[in-house]
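A.B. asks: Sharing a structure here in structure tokens format.
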Amino acid sequence: QVQLVESGGGLVQPGGSLRLSCAASGSSSFNTMAWYRQAAGKERELVAAITTGGRTNYADSVKGRFTVSRDNAKNTVYLQMNALKPDDTAVYYCYCKRTISNVVYWGKGTLVTVSS
């Protein structure tokens, strides 16, 4: 059973930075690793995704501020968030899709709060 362990959330002032990490247990390979977020009262939305080959996709709202990366050897995906805004406040979820079976796994979420 694959487990995703997220870390790095917390409280930060507007304009600040945070780095989220998500480590997947086991030896499975994942063709897509991504971050989603869900703000209070809103639907979950894609923030950023990255493929095994390094191709990335970002939500328009975070382009130029957030950077997604991955370490395939460690089965870990990262989200570097800079120039954070109050609108970035949300629970951030890690998403991984296995290469062979296309089964999707979700992390439990980590809260990011941007406030002065």
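Numbering starts fresh at 1 for the residues of each chain in the structure tokens, the chains themselves are lettered A, B, ... in the order given, and ligands are numbered from 1 as they appear.
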Could you name the residues that touch range 47-49 of chain A at 7 Å or less, counting only C-alpha atoms, but leaving out those on the same chain fewer than 3 positions away, as a list in words?
C.D. replies: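 Residues near the query, excluding close chain neighbours: Thr32, Met33, Ala34, Trp35, Tyr36, Arg37, Thr56, Asn57, Tyr58, Ala59 and Val68 of chain A.
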A.B. asks: Env of Ser27 in chain A: 10 Å cut, atoms = only C-alpha atoms, seq-sep filter 3 positions within chain, self excluded. Answer as a ChimeraX atom specification.
C.D. replies: /A:2,24,30,73-75
A.B. asks: May I have the residues from that selection written out with C-alpha atoms, as a PDB file, in the first residue's frame?
C.D. replies:
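So part-v7.pdb came out as:
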```
ATOM      1  CA  VAL A   2       1.422   3.350  -1.031  1.00  0.00           C
ATOM      2  CA  ALA A  24       5.773   8.268  -1.417  1.00  0.00           C
ATOM      3  CA  PHE A  30       4.730   7.398 -10.610  1.00  0.00           C
ATOM      4  CA  ALA A  73      15.066   8.159  -6.898  1.00  0.00           C
ATOM      5  CA  LYS A  74      13.385   9.238  -3.669  1.00  0.00           C
ATOM      6  CA  ASN A  75       9.808   9.184  -5.019  1.00  0.00           C
TER       7      ASN A  75
END
```
A.B. asks: For range 103-115 of chain A, find every residue with an atom within 8 Å (counting only C-alpha atoms), except residues of its own chain fewer than 6 positions away, and show them as an NGL selection string.
C.D. replies: :A and (2-14 or 22 or 84-97)
A.B. asks: Those residues with C-alpha atoms, as a PDB file, in the first residue's frame please?
C.D. replies:
```
ATOM      1  CA  VAL A   2       1.422   3.350  -1.031  1.00  0.00           C
ATOM      2  CA  GLN A   3       1.409   6.126   1.528  1.00  0.00           C
ATOM      3  CA  LEU A   4       2.122   9.766   0.809  1.00  0.00           C
ATOM      4  CA  VAL A   5       3.628  11.850   3.596  1.00  0.00           C
ATOM      5  CA  GLU A   6       3.441  15.608   3.165  1.00  0.00           C
ATOM      6  CA  SER A   7       5.398  18.209   5.094  1.00  0.00           C
ATOM      7  CA  GLY A   8       6.267  21.872   4.990  1.00  0.00           C
ATOM      8  CA  GLY A   9       2.965  23.643   5.521  1.00  0.00           C
ATOM      9  CA  GLY A  10       2.449  26.391   8.046  1.00  0.00           C
ATOM     10  CA  LEU A  11       1.784  30.065   8.614  1.00  0.00           C
ATOM     11  CA  VAL A  12       3.636  32.631   6.514  1.00  0.00           C
ATOM     12  CA  GLN A  13       3.277  36.338   5.908  1.00  0.00           C
ATOM     13  CA  PRO A  14       2.269  37.694   2.493  1.00  0.00           C
ATOM     14  CA  CYS A  22       5.654  14.773  -0.386  1.00  0.00           C
ATOM     15  CA  LEU A  84       2.753  33.962  -1.338  1.00  0.00           C
ATOM     16  CA  LYS A  85      -0.572  35.745  -1.241  1.00  0.00           C
ATOM     17  CA  PRO A  86      -3.533  35.410   1.136  1.00  0.00           C
ATOM     18  CA  ASP A  87      -5.434  33.775  -1.764  1.00  0.00           C
ATOM     19  CA  ASP A  88      -2.923  30.916  -1.619  1.00  0.00           C
ATOM     20  CA  THR A  89      -4.305  29.922   1.779  1.00  0.00           C
ATOM     21  CA  ALA A  90      -5.586  26.356   1.456  1.00  0.00           C
ATOM     22  CA  VAL A  91      -4.993  22.752   2.319  1.00  0.00           C
ATOM     23  CA  TYR A  92      -2.444  21.426  -0.150  1.00  0.00           C
ATOM     24  CA  TYR A  93      -2.702  17.800  -1.237  1.00  0.00           C
ATOM     25  CA  CYS A  94      -0.098  15.616  -2.832  1.00  0.00           C
ATOM     26  CA  TYR A  95      -1.236  13.500  -5.808  1.00  0.00           C
ATOM     27  CA  CYS A  96       0.636  10.592  -7.367  1.00  0.00           C
ATOM     28  CA  LYS A  97      -0.415   8.369 -10.237  1.00  0.00           C
TER      29      LYS A  97
END
```
A.B. asks: Under the rule that only C-alpha atoms are counted, which of A:Gln80, A:Arg44, A:Gly26, A:Phe66 is the nearest residue to Arg98 in chain A?
C.D. replies: A:Gly26
A.B. asks: Here is a test: counting only C-alpha atoms, which residue of A:Thr67, A:Thr51, A:Tyr78, A:Glu45 is nearest to Ser29 in chain A?
C.D. replies: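 Ranked by minimum distance to Ser29 in chain A, first place goes to A:Thr51.
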A.B. asks: Hey, can you check how far CA of Thr99 in chain A sits from CA of Ile50 in chain A?
C.D. replies: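 Computing it gives 13.0 Å between the two atoms.
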A.B. asks: Can you list, as a CSV table (one decimal) with all heavy atoms, in the first residue's frame, every residue of range 21-88 of chain A that DSSP puts in helix (DSSP H, G or I)?
C.D. replies:
```csv
chain,number,residue,atom,x,y,z
A,60,ASP,N,-2.7,29.0,-13.7
A,60,ASP,CA,-2.4,30.4,-14.1
A,60,ASP,C,-2.1,31.2,-12.9
A,60,ASP,O,-1.2,32.1,-12.9
A,60,ASP,CB,-3.5,31.0,-14.9
A,60,ASP,CG,-3.6,30.4,-16.3
A,60,ASP,OD1,-2.6,29.8,-16.8
A,60,ASP,OD2,-4.6,30.6,-17.0
A,61,SER,N,-2.8,31.0,-11.8
A,61,SER,CA,-2.7,31.8,-10.6
A,61,SER,C,-1.3,31.7,-9.9
A,61,SER,O,-1.0,32.5,-9.1
A,61,SER,CB,-3.8,31.5,-9.6
A,61,SER,OG,-3.8,30.1,-9.2
A,62,VAL,N,-0.6,30.6,-10.2
A,62,VAL,CA,0.7,30.4,-9.5
A,62,VAL,C,1.9,30.5,-10.4
A,62,VAL,O,3.0,30.4,-10.0
A,62,VAL,CB,0.7,29.1,-8.7
A,62,VAL,CG1,-0.5,29.0,-7.8
A,62,VAL,CG2,0.8,27.9,-9.7
A,86,PRO,N,-2.5,36.0,0.3
A,86,PRO,CA,-3.5,35.4,1.1
A,86,PRO,C,-4.4,34.4,0.4
A,86,PRO,O,-4.9,33.5,0.9
A,86,PRO,CB,-4.3,36.7,1.6
A,86,PRO,CG,-3.2,37.7,1.6
A,86,PRO,CD,-2.3,37.4,0.4
A,87,ASP,N,-4.6,34.7,-0.9
A,87,ASP,CA,-5.4,33.8,-1.8
A,87,ASP,C,-4.8,32.4,-1.9
A,87,ASP,O,-5.5,31.5,-2.4
A,87,ASP,CB,-5.7,34.4,-3.1
A,87,ASP,CG,-6.7,35.5,-3.1
A,87,ASP,OD1,-7.4,35.7,-2.1
A,87,ASP,OD2,-6.8,36.2,-4.1
A,88,ASP,N,-3.6,32.2,-1.6
A,88,ASP,CA,-2.9,30.9,-1.6
A,88,ASP,C,-3.3,30.1,-0.4
A,88,ASP,O,-2.9,28.9,-0.3
A,88,ASP,CB,-1.4,31.1,-1.7
A,88,ASP,CG,-1.0,31.7,-3.0
A,88,ASP,OD1,-1.5,31.4,-4.1
A,88,ASP,OD2,-0.1,32.6,-3.0
```
A.B. asks: Any idea what the distance is between CA of Thr52 in chain A and CA of Gly16 in chain A?
C.D. replies: 29.0 Å
A.B. asks: So which bits of chain A end up strand (DSSP E) when you DSSP the backbone, as number ranges by chain?
C.D. replies: A: 4-7, 10-12, 18-24, 30-38, 45-51, 56-58, 66-71, 76-81, 90-98, 104-106, 110-114
A.B. asks: How many Å lie between CA of Ser28 in chain A and CA of Gln1 in chain A, rounded to one decimal?
C.D. replies: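 Interatomic distance, CA of Ser28 in chain A to CA of Gln1 in chain A: 9.7 Å.
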A.B. asks: I'd like to know which of A:Leu20, A:Asn31, A:Leu79, A:Ser25 is closest to Ser101 in chain A, using only C-alpha atoms.
C.D. replies: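 Checking each of A:Leu20, A:Asn31, A:Leu79, A:Ser25 against Ser101 in chain A, counting only C-alpha atoms, the winner is A:Asn31.
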A.B. asks: Which is closer to Gly53 in chain A than all the others in A:Thr76, A:Arg65, A:Asp71, A:Ala39, using only C-alpha atoms?
C.D. replies: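 Of A:Thr76, A:Arg65, A:Asp71, A:Ala39, the one nearest Gly53 in chain A is A:Asp71, counting only C-alpha atoms.
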